[in-house]
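Structure first, then comments.
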Amino acid sequence: MLFIQDLIQDYPSYVEIPVQWGDMDAMQHVNNIMYLRYMESSRIRFFTDVLKIGFSPDGVGAILAEIQCKYKFPLTYPDTVIATSRILPDSLDEFSVKIQHLVVSTKYERIAAEGIARIVLYDYPEKKKASIPEAVKMRLLKN
């Protein structure tokens with residue numbers, strides 16, 4: 001576990017998620033979509049617990065604009081993953097920020113996937129992107 005702590009030390013937010021039997025596909029490894037769900041769980045925790053930014057469809061909130069994933073190692077059941085989130089340095093602009101993710105296998109103590117998600121602030125009632133308020137920018141820059 002010491003190696004894992006070294007991997008995640010620069011990530012202010014993470015979540016431990018048990019791999020479920022049903023996460024696997026016919027090839028007997030975790031389906032690709034599950035890696036994105038692990039990243040999503042970490043990202044939601046990061047936004048709500050660390051950055052205090054919500055996802056309300058009634059106002060302005062964060063929305064996923066795009067995501068990239070590099071699959072490094074096939075996960076299988078049983079295992080527990082640690083999914084991490086942090087702001088990608090120098091990625092903040094007027095409307096968006098990029099979040100860097102790791103998905104780490106605790107069983108094998110190695111990175112199973114790396115990802116980058118671009119998050120846009122979105123005005124749900126107006127159905128258009130919104131500028132990131134200065135107070136939110138400050139929280140983003142601190143993390």
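Ordering of the structure tokens sets the chain letters (A, B, ...), residue numbers begin anew at 1 in every chain, and ligands are numbered from 1 in the order given.
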Inset, instruction - List the neighbours of Ser131 in chain A out to 9 Å using only C-alpha atoms; skip same-chain residues closer than 2 positions along the sequence, and give me the result as an NGL selection string. - result: :A and (93-96 or 120-122 or 129 or 133)
Same residues, N, CA and C atoms, saved as an mmCIF file, in the first residue's frame:
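Just written: out.cif:
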```
data_model
loop_
_atom_site.group_PDB
_atom_site.id
_atom_site.type_symbol
_atom_site.label_atom_id
_atom_site.label_comp_id
_atom_site.auth_asym_id
_atom_site.auth_seq_id
_atom_site.Cartn_x
_atom_site.Cartn_y
_atom_site.Cartn_z
ATOM 1 N N ASP A 93 -9.536 27.835 -17.896
ATOM 2 C CA ASP A 93 -9.802 28.967 -18.775
ATOM 3 C C ASP A 93 -11.124 29.615 -18.341
ATOM 4 N N GLU A 94 -11.680 30.466 -19.142
ATOM 5 C CA GLU A 94 -12.877 31.209 -18.736
ATOM 6 C C GLU A 94 -14.072 30.304 -18.445
ATOM 7 N N PHE A 95 -14.196 29.198 -19.188
ATOM 8 C CA PHE A 95 -15.381 28.362 -19.089
ATOM 9 C C PHE A 95 -15.123 26.953 -18.558
ATOM 10 N N SER A 96 -13.859 26.499 -18.564
ATOM 11 C CA SER A 96 -13.621 25.085 -18.266
ATOM 12 C C SER A 96 -12.325 24.848 -17.505
ATOM 13 N N VAL A 120 -16.952 21.783 -18.009
ATOM 14 C CA VAL A 120 -17.402 23.124 -18.365
ATOM 15 C C VAL A 120 -18.448 23.562 -17.353
ATOM 16 N N LEU A 121 -18.403 24.822 -16.975
ATOM 17 C CA LEU A 121 -19.482 25.363 -16.159
ATOM 18 C C LEU A 121 -20.655 25.628 -17.096
ATOM 19 N N TYR A 122 -21.841 25.164 -16.711
ATOM 20 C CA TYR A 122 -22.981 25.155 -17.623
ATOM 21 C C TYR A 122 -24.208 25.758 -16.949
ATOM 22 N N LYS A 129 -22.956 27.342 -22.016
ATOM 23 C CA LYS A 129 -21.846 27.402 -21.074
ATOM 24 C C LYS A 129 -21.865 28.732 -20.339
ATOM 25 N N PRO A 133 -17.103 31.720 -12.093
ATOM 26 C CA PRO A 133 -16.976 32.868 -11.185
ATOM 27 C C PRO A 133 -15.599 32.911 -10.524
#
```
Legend entry - range 83-88 of chain A environment, 8 Å, only C-alpha atoms, sequence neighbours closer than 2 positions dropped, as a list in words: Ile8, Asp10, Tyr11, Pro12, Ser13, Tyr14, Val15, Glu16, Ile17, Tyr38, Met39, Ser41, Ser42, Arg43, Phe46, Val81, Asp90, Ser91, Val97, Lys98, Ile99, Gln100, His101, Leu102, Val103, Val104, Leu140, Leu141 and Asn143 of chain A
Kindly export the residues of the current selection with N, CA and C atoms, as a CSV table (one decimal), in the first residue's frame.
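Output file again-v3.csv is given in full below:
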```csv
chain,number,residue,atom,x,y,z
A,8,ILE,N,-0.7,8.3,-5.3
A,8,ILE,CA,-1.8,9.3,-5.2
A,8,ILE,C,-1.5,10.5,-4.3
A,10,ASP,N,-0.3,13.3,-4.7
A,10,ASP,CA,-0.5,14.7,-5.3
A,10,ASP,C,-2.0,14.9,-5.7
A,11,TYR,N,-2.8,13.9,-5.3
A,11,TYR,CA,-4.2,14.0,-5.7
A,11,TYR,C,-5.0,14.4,-4.4
A,12,PRO,N,-5.7,15.5,-4.4
A,12,PRO,CA,-6.4,15.9,-3.1
A,12,PRO,C,-7.7,15.1,-2.9
A,13,SER,N,-8.1,14.4,-3.9
A,13,SER,CA,-9.4,13.6,-3.7
A,13,SER,C,-9.2,12.2,-4.3
A,14,TYR,N,-9.8,11.3,-3.5
A,14,TYR,CA,-9.8,9.9,-4.1
A,14,TYR,C,-11.0,9.2,-3.4
A,15,VAL,N,-11.3,8.1,-4.1
A,15,VAL,CA,-12.4,7.2,-3.5
A,15,VAL,C,-12.0,5.8,-3.8
A,16,GLU,N,-12.2,4.9,-2.8
A,16,GLU,CA,-12.0,3.5,-2.9
A,16,GLU,C,-13.3,2.8,-3.3
A,17,ILE,N,-13.2,2.0,-4.4
A,17,ILE,CA,-14.4,1.4,-5.0
A,17,ILE,C,-14.1,-0.1,-5.1
A,38,TYR,N,-15.6,4.8,-12.6
A,38,TYR,CA,-14.7,5.0,-11.4
A,38,TYR,C,-14.2,6.4,-11.4
A,39,MET,N,-13.8,6.9,-12.5
A,39,MET,CA,-13.3,8.3,-12.6
A,39,MET,C,-14.4,9.3,-12.3
A,41,SER,N,-17.0,8.8,-10.3
A,41,SER,CA,-17.2,8.8,-8.9
A,41,SER,C,-16.2,9.6,-8.1
A,42,SER,N,-14.9,9.5,-8.6
A,42,SER,CA,-13.9,10.3,-7.9
A,42,SER,C,-14.1,11.8,-8.3
A,43,ARG,N,-14.4,12.1,-9.5
A,43,ARG,CA,-14.6,13.5,-9.9
A,43,ARG,C,-15.8,14.2,-9.2
A,46,PHE,N,-14.7,14.9,-5.7
A,46,PHE,CA,-13.7,16.1,-5.8
A,46,PHE,C,-14.5,17.4,-5.9
A,81,VAL,N,-10.4,-0.6,-6.3
A,81,VAL,CA,-9.6,0.4,-7.0
A,81,VAL,C,-9.7,1.7,-6.2
A,90,ASP,N,-2.5,24.4,-15.2
A,90,ASP,CA,-2.6,25.3,-16.3
A,90,ASP,C,-3.7,25.0,-17.3
A,91,SER,N,-4.7,24.3,-16.8
A,91,SER,CA,-5.9,24.0,-17.7
A,91,SER,C,-7.1,24.8,-17.5
A,97,VAL,N,-12.2,23.6,-17.0
A,97,VAL,CA,-11.0,23.2,-16.3
A,97,VAL,C,-10.9,21.7,-16.7
A,98,LYS,N,-9.6,21.2,-16.6
A,98,LYS,CA,-9.4,19.8,-16.9
A,98,LYS,C,-9.0,19.1,-15.6
A,99,ILE,N,-9.6,17.9,-15.4
A,99,ILE,CA,-9.4,17.1,-14.2
A,99,ILE,C,-8.6,15.9,-14.6
A,100,GLN,N,-7.5,15.6,-13.9
A,100,GLN,CA,-6.7,14.4,-14.2
A,100,GLN,C,-7.1,13.3,-13.2
A,101,HIS,N,-7.2,12.1,-13.7
A,101,HIS,CA,-7.6,10.9,-13.0
A,101,HIS,C,-6.6,9.8,-13.1
A,102,LEU,N,-6.5,9.0,-12.0
A,102,LEU,CA,-5.8,7.7,-12.0
A,102,LEU,C,-6.8,6.7,-11.4
A,103,VAL,N,-6.8,5.5,-12.0
A,103,VAL,CA,-7.5,4.4,-11.4
A,103,VAL,C,-6.4,3.4,-11.1
A,104,VAL,N,-6.3,3.0,-9.8
A,104,VAL,CA,-5.2,2.2,-9.3
A,104,VAL,C,-5.8,0.9,-8.7
A,140,LEU,N,-10.4,26.4,-7.5
A,140,LEU,CA,-9.8,25.5,-8.5
A,140,LEU,C,-8.3,25.7,-8.5
A,141,LEU,N,-7.8,26.9,-8.4
A,141,LEU,CA,-6.4,27.1,-8.5
A,141,LEU,C,-5.7,26.6,-7.2
A,143,ASN,N,-6.3,23.9,-5.7
A,143,ASN,CA,-6.3,22.4,-5.8
A,143,ASN,C,-5.6,22.0,-7.0
```
Inset, instruction - Could you check which of A:Pro78, A:Pro89, A:Gly61, A:Gly22 is closest to Lys142 in chain A, using only C-alpha atoms? - result: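 Among the listed residues, A:Pro89 lies closest to Lys142 in chain A.
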Inset, instruction - Please measure the separation of CA of Gly115 in chain A and CA of Gln5 in chain A, giving the value in Å to one decimal. - result: 18.5 Å
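Proximity ranking of A:Ile119, A:Leu7, A:Val60, A:Ala26 relative to Leu92 in chain A places A:Ile119 first, based on only C-alpha atoms.
Atom pair CA of Met34 in chain A / CA of Ile4 in chain A has a distance of 20.3 Å (rounded to one decimal).
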Inset, instruction - Could you give me the residues within chain A that DSSP places in strand (DSSP E), as an MDAnalysis selection string? - result: chainID A and resid 13:18 60:71 80:87 96:105 110:123 128:129
